[in-house]
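query_28.cif follows (mmCIF, C-alpha atoms):
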data_structure
loop_
_atom_site.label_atom_id
_atom_site.label_comp_id
_atom_site.auth_asym_id
_atom_site.auth_seq_id
_atom_site.Cartn_x
_atom_site.Cartn_y
_atom_site.Cartn_z
CA MET A 226 0.00 0.00 0.00
CA ALA A 227 1.41 3.41 -1.02
CA PRO A 228 2.07 5.94 1.71
CA ILE A 229 -0.39 8.77 2.39
CA THR A 230 0.88 12.22 1.44
CA LEU A 231 -0.26 15.57 2.76
CA SER A 232 -0.56 18.68 0.61
CA THR A 233 -1.21 22.17 1.98
CA ASP A 234 -3.22 24.79 0.14
CA VAL A 235 -1.68 28.09 1.16
CA LYS A 236 -4.57 30.24 -0.05
CA SER A 237 -7.24 28.40 1.83
CA SER A 238 -4.93 27.29 4.65
CA SER A 239 -6.53 23.86 4.47
CA VAL A 240 -4.89 20.47 4.53
CA SER A 241 -6.03 17.84 2.03
CA VAL A 242 -5.29 14.14 2.22
CA VAL A 243 -4.26 12.32 -0.95
CA ALA A 244 -5.27 8.73 -0.37
CA SER A 245 -3.64 5.74 -1.98
CA PRO A 246 -5.31 3.83 -4.87
CA ASP A 247 -6.20 0.97 -2.48
CA ALA A 248 -7.96 3.36 -0.13
CA CYS A 249 -9.92 4.88 -3.02
CA ASN A 250 -10.99 1.45 -4.28
CA LYS A 251 -12.11 0.43 -0.79
CA LYS A 252 -14.16 3.62 -0.46
CA MET A 253 -15.82 2.98 -3.84
CA ARG A 254 -16.69 -0.61 -2.87
CA ASN A 255 -18.23 0.54 0.42
CA SER A 256 -20.24 3.16 -1.43
CA LEU A 257 -21.61 0.53 -3.82
CA LEU A 258 -22.49 -1.81 -0.96
CA GLU A 259 -24.38 0.96 0.81
CA ARG A 260 -26.47 1.58 -2.30
CA ARG A 261 -27.27 -2.12 -2.73
CA LYS A 262 -29.74 -2.41 0.14
CA PRO A 263 -32.16 -5.34 -0.03
CA PHE A 264 -35.63 -4.22 -1.04
CA ALA A 265 -37.38 -6.07 1.75
CA SER A 266 -34.74 -5.74 4.43
CA VAL A 267 -34.88 -3.52 7.47
CA SER A 268 -32.76 -0.45 7.09
CA THR A 269 -30.59 0.94 9.84
CA GLY A 270 -28.85 4.20 10.39
CA GLU A 271 -31.02 7.24 9.71
CA GLU A 272 -34.09 5.11 9.03
CA LYS A 273 -36.22 3.60 11.79
CA PRO A 274 -34.31 0.72 13.46
CA PHE A 275 -35.64 -2.81 13.68
CA ASP A 276 -37.55 -3.36 16.93
CA PHE A 277 -37.48 -7.12 17.54
CA PHE A 278 -39.91 -7.26 20.44
CA ARG A 279 -42.44 -4.88 18.89
CA THR A 280 -42.33 -6.90 15.67
CA LEU A 281 -42.82 -10.05 17.73
CA PHE A 282 -45.80 -8.56 19.59
CA GLU A 283 -47.46 -7.17 16.46
CA GLY A 284 -46.89 -10.50 14.72
CA PHE A 285 -48.74 -12.28 17.52
CA ILE A 286 -51.72 -9.93 17.26
CA ALA A 287 -51.89 -9.87 13.45
CA GLY A 288 -51.36 -13.61 13.09
CA GLY A 289 -53.97 -14.52 15.68
CA THR A 290 -56.54 -12.20 14.12
CA ALA A 291 -55.95 -13.47 10.60
CA GLY A 292 -55.99 -17.11 11.69
CA VAL A 293 -59.32 -16.86 13.51
CA VAL A 294 -61.02 -14.99 10.65
CA VAL A 295 -59.93 -17.38 7.91
CA GLU A 296 -60.59 -20.52 9.97
CA THR A 297 -64.14 -19.46 10.81
CA ALA A 298 -64.94 -18.46 7.24
CA LEU A 299 -63.64 -21.60 5.55
CA TYR A 300 -64.17 -24.33 8.11
CA PRO A 301 -67.00 -26.07 6.15
CA ILE A 302 -64.76 -26.51 3.08
CA ASP A 303 -62.03 -27.95 5.28
CA THR A 304 -64.55 -30.41 6.73
CA ILE A 305 -65.52 -31.65 3.25
CA LYS A 306 -61.86 -31.95 2.27
CA THR A 307 -61.03 -33.96 5.38
CA ARG A 308 -63.91 -36.38 4.84
CA LEU A 309 -62.88 -36.97 1.24
CA GLN A 310 -59.25 -37.60 2.17
CA ALA A 311 -60.28 -39.91 5.02
CA ASP A 312 -61.86 -42.12 2.36
CA ARG A 313 -65.38 -41.51 3.63
CA ILE A 314 -66.79 -40.43 0.30
CA ARG A 315 -70.28 -41.58 1.21
CA ILE A 316 -70.39 -39.15 4.09
CA TYR A 317 -72.26 -36.22 2.62
CA LEU A 318 -73.95 -33.09 3.82
CA ALA A 319 -77.05 -34.01 5.78
CA VAL A 320 -80.06 -32.34 4.24
CA ARG A 321 -83.16 -32.01 6.32
CA GLY A 322 -86.69 -31.13 5.35
CA GLY A 323 -87.00 -28.05 3.18
CA GLY A 324 -83.53 -28.51 1.69
CA LYS A 325 -81.76 -26.90 4.63
CA ILE A 326 -78.16 -27.98 5.13
CA ASN A 327 -77.21 -29.19 8.59
CA LEU A 328 -74.59 -26.56 9.34
CA LYS A 329 -73.80 -28.14 12.68
CA GLY A 330 -72.09 -31.03 10.92
CA LEU A 331 -70.03 -28.71 8.76
CA TYR A 332 -68.86 -26.69 11.73
CA SER A 333 -68.25 -29.69 13.97
CA GLY A 334 -65.26 -28.99 16.20
CA LEU A 335 -64.92 -25.32 15.23
CA ALA A 336 -64.91 -23.94 18.79
CA GLY A 337 -62.21 -26.32 19.96
CA ASN A 338 -60.26 -25.72 16.77
CA LEU A 339 -60.32 -21.95 17.24
CA ALA A 340 -58.89 -22.44 20.71
CA GLY A 341 -55.84 -23.94 18.99
CA VAL A 342 -55.81 -21.83 15.81
CA LEU A 343 -55.61 -18.54 17.69
CA PRO A 344 -52.37 -19.28 19.59
CA ALA A 345 -50.90 -21.30 16.71
CA SER A 346 -51.40 -18.53 14.14
CA ALA A 347 -50.21 -15.94 16.63
CA LEU A 348 -47.10 -17.99 17.40
CA PHE A 349 -46.35 -18.61 13.72
CA VAL A 350 -46.49 -14.98 12.60
CA GLY A 351 -44.95 -13.83 15.87
CA VAL A 352 -41.91 -16.01 15.13
CA TYR A 353 -41.94 -15.51 11.35
CA GLU A 354 -41.86 -11.71 11.25
CA PRO A 355 -38.80 -11.03 13.45
CA THR A 356 -37.01 -14.06 11.99
CA LYS A 357 -37.64 -12.78 8.48
CA GLN A 358 -36.40 -9.30 9.35
CA THR A 359 -33.29 -10.69 11.00
CA LEU A 360 -32.44 -13.01 8.10
CA LEU A 361 -33.01 -10.29 5.51
CA LYS A 362 -30.37 -8.21 7.27
CA MET A 363 -27.95 -11.15 7.23
CA PHE A 364 -28.53 -12.50 3.70
CA PRO A 365 -27.37 -10.76 0.50
CA ASP A 366 -29.89 -9.25 -1.90
CA ASN A 367 -30.12 -12.24 -4.23
CA LEU A 368 -30.93 -14.61 -1.35
CA SER A 369 -34.01 -12.85 0.00
CA ALA A 370 -36.09 -15.84 -1.10
CA ALA A 371 -33.95 -18.09 1.09
CA ALA A 372 -34.63 -15.77 4.01
CA HIS A 373 -38.38 -16.07 3.43
CA LEU A 374 -38.17 -19.85 3.04
CA SER A 375 -36.16 -20.24 6.22
CA ALA A 376 -38.38 -17.92 8.24
CA GLY A 377 -41.50 -19.75 7.07
CA ALA A 378 -40.07 -23.12 8.07
CA ILE A 379 -38.94 -21.85 11.48
CA GLY A 380 -42.33 -20.28 12.13
CA GLY A 381 -44.08 -23.49 11.10
CA LEU A 382 -41.87 -25.58 13.37
CA ALA A 383 -42.68 -23.39 16.36
CA ALA A 384 -46.42 -23.38 15.62
CA SER A 385 -46.51 -27.17 15.10
CA LEU A 386 -46.40 -27.71 18.87
CA ILE A 387 -49.92 -26.26 18.99
CA ARG A 388 -51.11 -27.06 15.49
CA VAL A 389 -50.73 -30.83 15.64
CA PRO A 390 -52.95 -31.54 18.69
CA THR A 391 -55.47 -29.05 17.31
CA GLU A 392 -55.44 -30.75 13.92
CA VAL A 393 -55.79 -34.24 15.40
CA ILE A 394 -58.83 -33.26 17.45
CA LYS A 395 -60.38 -31.27 14.61
CA GLN A 396 -60.09 -34.01 12.02
CA ARG A 397 -61.39 -36.73 14.32
CA MET A 398 -64.42 -34.60 15.09
CA GLN A 399 -64.90 -33.82 11.40
CA THR A 400 -64.99 -37.54 10.61
CA GLY A 401 -67.54 -38.19 13.37
CA GLN A 402 -65.31 -39.97 15.91
CA PHE A 403 -66.03 -37.46 18.69
CA THR A 404 -68.74 -34.91 19.41
CA SER A 405 -66.80 -32.41 21.52
CA ALA A 406 -63.21 -31.26 21.89
CA PRO A 407 -62.92 -32.06 25.63
CA ASP A 408 -64.19 -35.59 25.03
CA ALA A 409 -61.75 -35.97 22.16
CA VAL A 410 -58.79 -34.92 24.31
CA ARG A 411 -59.81 -37.16 27.20
CA LEU A 412 -60.51 -40.27 25.11
CA ILE A 413 -57.46 -39.91 22.88
CA ALA A 414 -55.21 -39.48 25.91
CA SER A 415 -56.77 -42.47 27.70
CA LYS A 416 -56.70 -44.86 24.72
CA GLU A 417 -53.57 -43.77 22.87
CA GLY A 418 -51.65 -41.87 25.49
CA PHE A 419 -50.26 -38.35 25.21
CA LYS A 420 -48.56 -39.29 21.94
CA GLY A 421 -52.01 -39.83 20.43
CA LEU A 422 -52.48 -36.07 20.42
CA TYR A 423 -49.38 -35.87 18.23
CA ALA A 424 -50.39 -38.66 15.85
CA GLY A 425 -48.92 -38.03 12.43
CA TYR A 426 -46.52 -35.41 13.75
CA GLY A 427 -43.82 -36.43 11.28
CA SER A 428 -46.20 -36.28 8.33
CA PHE A 429 -47.55 -32.98 9.61
CA LEU A 430 -44.06 -31.49 9.52
CA LEU A 431 -43.50 -33.11 6.15
CA ARG A 432 -46.52 -31.23 4.84
CA ASP A 433 -46.58 -28.00 6.82
CA LEU A 434 -42.93 -27.00 6.86
CA PRO A 435 -42.66 -27.07 3.04
CA PHE A 436 -46.12 -25.52 2.79
CA ASP A 437 -45.36 -22.62 5.12
CA ALA A 438 -41.96 -22.01 3.56
CA ILE A 439 -43.21 -22.13 -0.04
CA GLN A 440 -46.40 -20.15 0.54
CA PHE A 441 -44.77 -17.29 2.40
CA CYS A 442 -41.80 -17.22 0.03
CA ILE A 443 -44.08 -16.96 -3.03
CA TYR A 444 -46.20 -14.33 -1.32
CA GLU A 445 -43.26 -12.20 -0.18
CA GLN A 446 -41.43 -12.41 -3.50
CA LEU A 447 -44.54 -11.48 -5.48
CA ARG A 448 -45.13 -8.53 -3.16
CA ILE A 449 -41.53 -7.37 -3.58
CA GLY A 450 -41.74 -7.58 -7.38
CA TYR A 451 -45.14 -5.91 -7.55
CA LYS A 452 -44.10 -3.15 -5.18
CA ALA A 453 -40.92 -2.50 -7.16
CA ALA A 454 -42.88 -2.30 -10.41
CA ALA A 455 -45.66 -0.13 -9.00
CA ARG A 456 -43.24 1.99 -6.93
CA ARG A 457 -45.76 2.24 -4.10
CA ASP A 458 -47.14 0.25 -1.21
CA LEU A 459 -49.75 -2.41 -1.98
CA ASN A 460 -53.35 -1.96 -0.94
CA ASP A 461 -55.51 -4.62 0.74
CA PRO A 462 -57.12 -6.03 -2.44
CA GLU A 463 -53.70 -6.43 -4.06
CA ASN A 464 -52.33 -8.21 -0.99
CA ALA A 465 -55.40 -10.47 -1.01
CA ILE A 466 -54.98 -11.39 -4.69
CA ILE A 467 -51.31 -12.21 -4.24
CA GLY A 468 -52.16 -14.23 -1.13
CA ALA A 469 -54.83 -16.19 -3.02
CA PHE A 470 -52.41 -17.11 -5.81
CA ALA A 471 -49.64 -18.11 -3.39
CA GLY A 472 -52.05 -20.20 -1.31
CA ALA A 473 -53.71 -22.00 -4.23
CA LEU A 474 -50.40 -22.88 -5.90
CA THR A 475 -48.83 -24.12 -2.69
CA GLY A 476 -51.97 -26.06 -1.78
CA ALA A 477 -51.93 -27.94 -5.08
CA ILE A 478 -48.24 -28.79 -4.78
CA THR A 479 -48.56 -30.16 -1.25
CA THR A 480 -51.84 -32.11 -1.65
CA PRO A 481 -50.17 -35.58 -1.57
CA LEU A 482 -48.46 -34.62 1.69
CA ASP A 483 -51.80 -33.49 3.08
CA VAL A 484 -53.46 -36.79 2.17
CA ILE A 485 -50.74 -38.76 3.96
CA LYS A 486 -50.97 -36.52 7.01
CA THR A 487 -54.77 -36.88 7.16
CA ARG A 488 -54.70 -40.69 6.88
CA LEU A 489 -52.16 -40.99 9.69
CA MET A 490 -54.01 -38.60 11.97
CA VAL A 491 -57.51 -40.09 11.63
CA GLN A 492 -56.55 -43.77 11.88
CA GLY A 493 -56.62 -43.61 15.67
CA SER A 494 -55.65 -46.75 17.58
CA ALA A 495 -56.36 -48.98 14.55
CA ASN A 496 -52.79 -48.41 13.31
CA GLN A 497 -53.68 -49.17 9.72
CA TYR A 498 -50.47 -47.49 8.62
CA LYS A 499 -47.10 -48.03 10.30
CA GLY A 500 -45.57 -44.79 9.13
CA ILE A 501 -45.25 -42.30 6.30
CA PHE A 502 -43.69 -44.64 3.76
CA ASP A 503 -46.03 -47.50 4.62
CA CYS A 504 -48.96 -45.10 4.22
CA VAL A 505 -47.79 -44.06 0.76
CA GLN A 506 -47.22 -47.64 -0.35
CA THR A 507 -50.59 -48.81 0.96
CA ILE A 508 -52.50 -45.97 -0.70
CA VAL A 509 -50.78 -46.48 -4.05
CA ARG A 510 -51.17 -50.27 -3.91
CA GLU A 511 -54.81 -50.38 -2.83
CA GLU A 512 -56.22 -47.21 -4.38
CA GLY A 513 -53.78 -46.18 -7.07
CA PRO A 514 -51.58 -43.05 -7.38
CA PRO A 515 -54.55 -40.71 -8.06
CA ALA A 516 -55.66 -41.32 -4.46
CA LEU A 517 -52.76 -39.13 -3.34
CA LEU A 518 -54.59 -36.21 -4.93
CA LYS A 519 -57.90 -36.81 -3.17
CA GLY A 520 -59.50 -33.58 -2.06
CA ILE A 521 -57.26 -31.42 -4.26
CA GLY A 522 -60.26 -29.42 -5.51
CA PRO A 523 -61.60 -28.42 -2.09
CA ARG A 524 -58.04 -27.99 -0.82
CA VAL A 525 -56.98 -25.58 -3.57
CA LEU A 526 -60.27 -23.68 -3.25
CA TRP A 527 -60.02 -23.59 0.54
CA ILE A 528 -56.37 -22.50 0.70
CA GLY A 529 -56.71 -20.10 -2.24
CA ILE A 530 -59.62 -18.26 -0.64
CA GLY A 531 -57.99 -18.70 2.76
CA GLY A 532 -54.76 -17.15 1.50
CA SER A 533 -56.71 -14.20 0.19
CA ILE A 534 -58.46 -13.65 3.51
CA PHE A 535 -55.45 -14.46 5.69
CA PHE A 536 -52.93 -12.19 3.99
CA GLY A 537 -55.50 -9.45 3.46
CA VAL A 538 -56.38 -9.42 7.17
CA LEU A 539 -52.74 -9.90 8.17
CA GLU A 540 -51.43 -6.90 6.23
CA SER A 541 -54.40 -4.77 7.25
CA THR A 542 -53.86 -5.60 10.93
CA LYS A 543 -50.11 -5.01 10.70
CA ARG A 544 -50.73 -1.60 9.13
CA PHE A 545 -53.33 -0.78 11.80
CA LEU A 546 -50.87 -1.63 14.57
CA ALA A 547 -48.02 0.25 12.86
CA GLN A 548 -50.13 3.41 12.66
CA ARG A 549 -50.69 3.27 16.41
CA ARG A 550 -47.11 2.84 17.45
CA PRO A 551 -46.02 5.44 19.98
CA THR A 552 -43.85 8.10 18.38
CA LEU A 553 -40.56 8.76 20.09
CA PRO A 554 -39.75 12.44 20.78
CA GLU A 555 -37.07 13.87 18.54
CA HIS A 556 -33.87 14.78 20.33
CA SER A 557 -32.65 18.29 19.68
CA ASP A 558 -28.96 18.87 19.04
CA THR A 559 -29.08 22.28 20.72
CA LYS A 560 -28.92 22.63 24.46
CA GLN A 561 -31.23 24.95 26.28
CA ASP A 562 -29.78 27.28 28.87
#

How does this structure look as structure tokens?
Amino acid sequence: MAPITLSTDVKSSSVSVVASPDACNKKMRNSLLERRKPFASVSTGEEKPFDFFRTLFEGFIAGGTAGVVVETALYPIDTIKTRLQADRIRIYLAVRGGGKINLKGLYSGLAGNLAGVLPASALFVGVYEPTKQTLLKMFPDNLSAAAHLSAGAIGGLAASLIRVPTEVIKQRMQTGQFTSAPDAVRLIASKEGFKGLYAGYGSFLLRDLPFDAIQFCIYEQLRIGYKAAARRDLNDPENAIIGAFAGALTGAITTPLDVIKTRLMVQGSANQYKGIFDCVQTIVREEGPPALLKGIGPRVLWIGIGGSIFFGVLESTKRFLAQRRPTLPEHSDTKQD
């Protein structure tokens, strides 16, 4: 490295520093790196810093709200999908006199399910949001998708501790095995032990971790591209449309995993399947490969509409909470006497 030389300007009585070529190149590289900020990352410096705990709290609130709304709205479609995948095709909507549909059957287990959906959705988004922000600050620009994939998988793993027992109880009630959530918990625990509440846990992770990672990655990347093209923030209908597309596409891709998960969860103490691979082999051998796509229609419809509602409510709630953040007083550089 060449030495640094000093030159004095007599007229201005100022001293200028003539830096070496290496120093100039380093300064240029740093300037380029500063300009290459990730689009979706959290900026530091003069911009508002990343508040981990506030992001965690707002994620809990927004996730719980979105989860409850979408679950309540689309529970009947999920019931039909579960019954189809459980190979109970002859179970159909009970129609009473006057052509009225028995809505009680379609909403069987909703109350108990909401008791699990609320904390599970809150936990997922509460973990996802700060994890996403942290990873976006760590990863380079061209790996933002990897940050979204990783954050989705981590959020799904955390939420699975609540999701799996909720899903087991919900699906057994949807297929008519139990009439109430408390009875379901008590009987499952007495007959199958505590592990019965986590039946199909491996297949659940096999389905939900890829699903969460793919869905949120597609959603986030589409939002980034759309926002860059439009050069403005997205409104609620645009978020809902992107959420619907991301949900429907991911739902179709992961349908075989959902079928396997459903079969393992609803088999109860019968132990028809010994595990994930045995379940796949048995389904293909006895019913043919198309059986792995059972319920794909209701599933794509359910998750597509659900994605629209979920992400629409999620972004709306996040914006609502952001607008009500307490503003910190600006510190003045001048001192008062």

Nearest residue to A:Pro435 from the set A:Glu392, A:Asp458, A:Asp483, A:Glu417 (distances using all atoms listed in the file) | A:Asp483

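When you apply the PyMOL selection byres ((chain A and resi 523) around 10) to this structure, what comes back is Ile302, Asp303, Thr304, Ile305, Lys306, Thr307, Leu309, Gly476, Lys519, Gly520, Ile521, Gly522, Arg524, Val525, Leu526, Trp527, Ile528 and Gly529 of chain A.
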
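Atom CA of A:Ala345 is positioned 14.7 Å from atom CA of A:Tyr423.
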
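Take atom CA of A:Gly292 and atom CA of A:Lys452: the distance between them is 24.9 Å.
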
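If you count only C-alpha atoms and ignore residues fewer than 2 places along the chain from stretch 370-376 of chain A, what sits within 7 Å of it is Tyr353, Thr356, Lys357, Leu360, Leu361, Phe364, Leu368, Ala378, Ile379, Gly380, Ala438, Ile439, Phe441, Cys442 and Gln446 of chain A.
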
Of the listed residues A:Tyr498, A:Phe349, A:Tyr332, A:Phe545, that which approaches A:Glu296 most closely, counting all atoms listed in the file | A:Tyr332

Pick from A:Val295, A:Val352, A:Val342, A:Gly334, whichever lies nearest to A:Phe277 using only C-alpha atoms | A:Val352

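Of the residues under consideration (A:Thr507, A:Thr479, A:Gln399, A:Ser405), A:Thr479 shows the shortest atom-to-atom contact distance to A:Phe436 when counting all atoms listed in the file.
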
Scan for residues within 10 Å of the point (-45.3, -6.8, 16.9) in the coordinates of the file, using all atoms listed in the file, and reply as number ranges by chain.
-> A: 276-288, 350-352, 354-355, 543, 546-547, 550

Deliver the residues from the most recent selection as a file, using C-alpha atoms, as a PDB file, keeping the file's coordinate frame.
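Saved file selection26.pdb follows:
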ATOM      1  CA  ASP A 276     -37.550  -3.360  16.930  1.00  0.00           C
ATOM      2  CA  PHE A 277     -37.480  -7.120  17.540  1.00  0.00           C
ATOM      3  CA  PHE A 278     -39.910  -7.260  20.440  1.00  0.00           C
ATOM      4  CA  ARG A 279     -42.440  -4.880  18.890  1.00  0.00           C
ATOM      5  CA  THR A 280     -42.330  -6.900  15.670  1.00  0.00           C
ATOM      6  CA  LEU A 281     -42.820 -10.050  17.730  1.00  0.00           C
ATOM      7  CA  PHE A 282     -45.800  -8.560  19.590  1.00  0.00           C
ATOM      8  CA  GLU A 283     -47.460  -7.170  16.460  1.00  0.00           C
ATOM      9  CA  GLY A 284     -46.890 -10.500  14.720  1.00  0.00           C
ATOM     10  CA  PHE A 285     -48.740 -12.280  17.520  1.00  0.00           C
ATOM     11  CA  ILE A 286     -51.720  -9.930  17.260  1.00  0.00           C
ATOM     12  CA  ALA A 287     -51.890  -9.870  13.450  1.00  0.00           C
ATOM     13  CA  GLY A 288     -51.360 -13.610  13.090  1.00  0.00           C
ATOM     14  CA  VAL A 350     -46.490 -14.980  12.600  1.00  0.00           C
ATOM     15  CA  GLY A 351     -44.950 -13.830  15.870  1.00  0.00           C
ATOM     16  CA  VAL A 352     -41.910 -16.010  15.130  1.00  0.00           C
ATOM     17  CA  GLU A 354     -41.860 -11.710  11.250  1.00  0.00           C
ATOM     18  CA  PRO A 355     -38.800 -11.030  13.450  1.00  0.00           C
ATOM     19  CA  LYS A 543     -50.110  -5.010  10.700  1.00  0.00           C
ATOM     20  CA  LEU A 546     -50.870  -1.630  14.570  1.00  0.00           C
ATOM     21  CA  ALA A 547     -48.020   0.250  12.860  1.00  0.00           C
ATOM     22  CA  ARG A 550     -47.110   2.840  17.450  1.00  0.00           C
TER      23      ARG A 550
END

Output requested as a PDB file, in the frame of the given file - stretch 362-370 of chain A, filled out with all heavy atoms.
ATOM      1  N   LYS A 362     -31.533  -9.053   6.983  1.00  0.00           N
ATOM      2  CA  LYS A 362     -30.370  -8.210   7.270  1.00  0.00           C
ATOM      3  C   LYS A 362     -29.070  -8.991   7.124  1.00  0.00           C
ATOM      4  O   LYS A 362     -28.020  -8.411   6.856  1.00  0.00           O
ATOM      5  CB  LYS A 362     -30.481  -7.645   8.695  1.00  0.00           C
ATOM      6  CG  LYS A 362     -31.644  -6.686   8.906  1.00  0.00           C
ATOM      7  CD  LYS A 362     -31.758  -6.235  10.341  1.00  0.00           C
ATOM      8  CE  LYS A 362     -30.597  -5.395  10.771  1.00  0.00           C
ATOM      9  NZ  LYS A 362     -30.734  -4.876  12.156  1.00  0.00           N
ATOM     10  N   MET A 363     -29.143 -10.313   7.297  1.00  0.00           N
ATOM     11  CA  MET A 363     -27.950 -11.150   7.230  1.00  0.00           C
ATOM     12  C   MET A 363     -27.650 -11.619   5.817  1.00  0.00           C
ATOM     13  O   MET A 363     -26.487 -11.725   5.419  1.00  0.00           O
ATOM     14  CB  MET A 363     -28.123 -12.368   8.147  1.00  0.00           C
ATOM     15  CG  MET A 363     -28.269 -12.029   9.628  1.00  0.00           C
ATOM     16  SD  MET A 363     -28.773 -13.470  10.612  1.00  0.00           S
ATOM     17  CE  MET A 363     -27.519 -14.661  10.155  1.00  0.00           C
ATOM     18  N   PHE A 364     -28.707 -11.922   5.032  1.00  0.00           N
ATOM     19  CA  PHE A 364     -28.530 -12.500   3.700  1.00  0.00           C
ATOM     20  C   PHE A 364     -28.290 -11.403   2.667  1.00  0.00           C
ATOM     21  O   PHE A 364     -28.791 -10.291   2.804  1.00  0.00           O
ATOM     22  CB  PHE A 364     -29.757 -13.302   3.298  1.00  0.00           C
ATOM     23  CG  PHE A 364     -29.922 -14.615   4.022  1.00  0.00           C
ATOM     24  CD1 PHE A 364     -29.243 -14.873   5.194  1.00  0.00           C
ATOM     25  CD2 PHE A 364     -30.771 -15.591   3.540  1.00  0.00           C
ATOM     26  CE1 PHE A 364     -29.386 -16.069   5.873  1.00  0.00           C
ATOM     27  CE2 PHE A 364     -30.939 -16.791   4.198  1.00  0.00           C
ATOM     28  CZ  PHE A 364     -30.240 -17.032   5.368  1.00  0.00           C
ATOM     29  N   PRO A 365     -27.535 -11.724   1.602  1.00  0.00           N
ATOM     30  CA  PRO A 365     -27.370 -10.760   0.500  1.00  0.00           C
ATOM     31  C   PRO A 365     -28.679 -10.598  -0.278  1.00  0.00           C
ATOM     32  O   PRO A 365     -29.624 -11.365  -0.112  1.00  0.00           O
ATOM     33  CB  PRO A 365     -26.288 -11.408  -0.372  1.00  0.00           C
ATOM     34  CG  PRO A 365     -26.342 -12.862  -0.040  1.00  0.00           C
ATOM     35  CD  PRO A 365     -26.740 -12.948   1.398  1.00  0.00           C
ATOM     36  N   ASP A 366     -28.674  -9.586  -1.165  1.00  0.00           N
ATOM     37  CA  ASP A 366     -29.890  -9.250  -1.900  1.00  0.00           C
ATOM     38  C   ASP A 366     -30.478 -10.428  -2.668  1.00  0.00           C
ATOM     39  O   ASP A 366     -31.692 -10.657  -2.649  1.00  0.00           O
ATOM     40  CB  ASP A 366     -29.603  -8.125  -2.914  1.00  0.00           C
ATOM     41  CG  ASP A 366     -29.081  -6.879  -2.236  1.00  0.00           C
ATOM     42  OD1 ASP A 366     -28.886  -6.914  -1.010  1.00  0.00           O
ATOM     43  OD2 ASP A 366     -28.865  -5.872  -2.931  1.00  0.00           O
ATOM     44  N   ASN A 367     -29.623 -11.178  -3.354  1.00  0.00           N
ATOM     45  CA  ASN A 367     -30.120 -12.240  -4.230  1.00  0.00           C
ATOM     46  C   ASN A 367     -30.561 -13.487  -3.476  1.00  0.00           C
ATOM     47  O   ASN A 367     -30.970 -14.469  -4.088  1.00  0.00           O
ATOM     48  CB  ASN A 367     -29.039 -12.623  -5.250  1.00  0.00           C
ATOM     49  CG  ASN A 367     -27.741 -13.074  -4.591  1.00  0.00           C
ATOM     50  OD1 ASN A 367     -27.553 -12.878  -3.394  1.00  0.00           O
ATOM     51  ND2 ASN A 367     -26.852 -13.654  -5.377  1.00  0.00           N
ATOM     52  N   LEU A 368     -30.487 -13.471  -2.141  1.00  0.00           N
ATOM     53  CA  LEU A 368     -30.930 -14.610  -1.350  1.00  0.00           C
ATOM     54  C   LEU A 368     -32.107 -14.248  -0.437  1.00  0.00           C
ATOM     55  O   LEU A 368     -32.330 -14.896   0.581  1.00  0.00           O
ATOM     56  CB  LEU A 368     -29.773 -15.156  -0.499  1.00  0.00           C
ATOM     57  CG  LEU A 368     -28.628 -15.835  -1.256  1.00  0.00           C
ATOM     58  CD1 LEU A 368     -27.565 -16.330  -0.284  1.00  0.00           C
ATOM     59  CD2 LEU A 368     -29.143 -16.998  -2.097  1.00  0.00           C
ATOM     60  N   SER A 369     -32.851 -13.220  -0.814  1.00  0.00           N
ATOM     61  CA  SER A 369     -34.010 -12.850   0.000  1.00  0.00           C
ATOM     62  C   SER A 369     -35.049 -13.964   0.027  1.00  0.00           C
ATOM     63  O   SER A 369     -35.738 -14.165   1.031  1.00  0.00           O
ATOM     64  CB  SER A 369     -34.644 -11.563  -0.530  1.00  0.00           C
ATOM     65  OG  SER A 369     -35.153 -11.747  -1.837  1.00  0.00           O
ATOM     66  N   ALA A 370     -35.156 -14.718  -1.070  1.00  0.00           N
ATOM     67  CA  ALA A 370     -36.090 -15.840  -1.100  1.00  0.00           C
ATOM     68  C   ALA A 370     -35.710 -16.899  -0.072  1.00  0.00           C
ATOM     69  O   ALA A 370     -36.578 -17.506   0.571  1.00  0.00           O
ATOM     70  CB  ALA A 370     -36.138 -16.458  -2.503  1.00  0.00           C
TER      71      ALA A 370
END
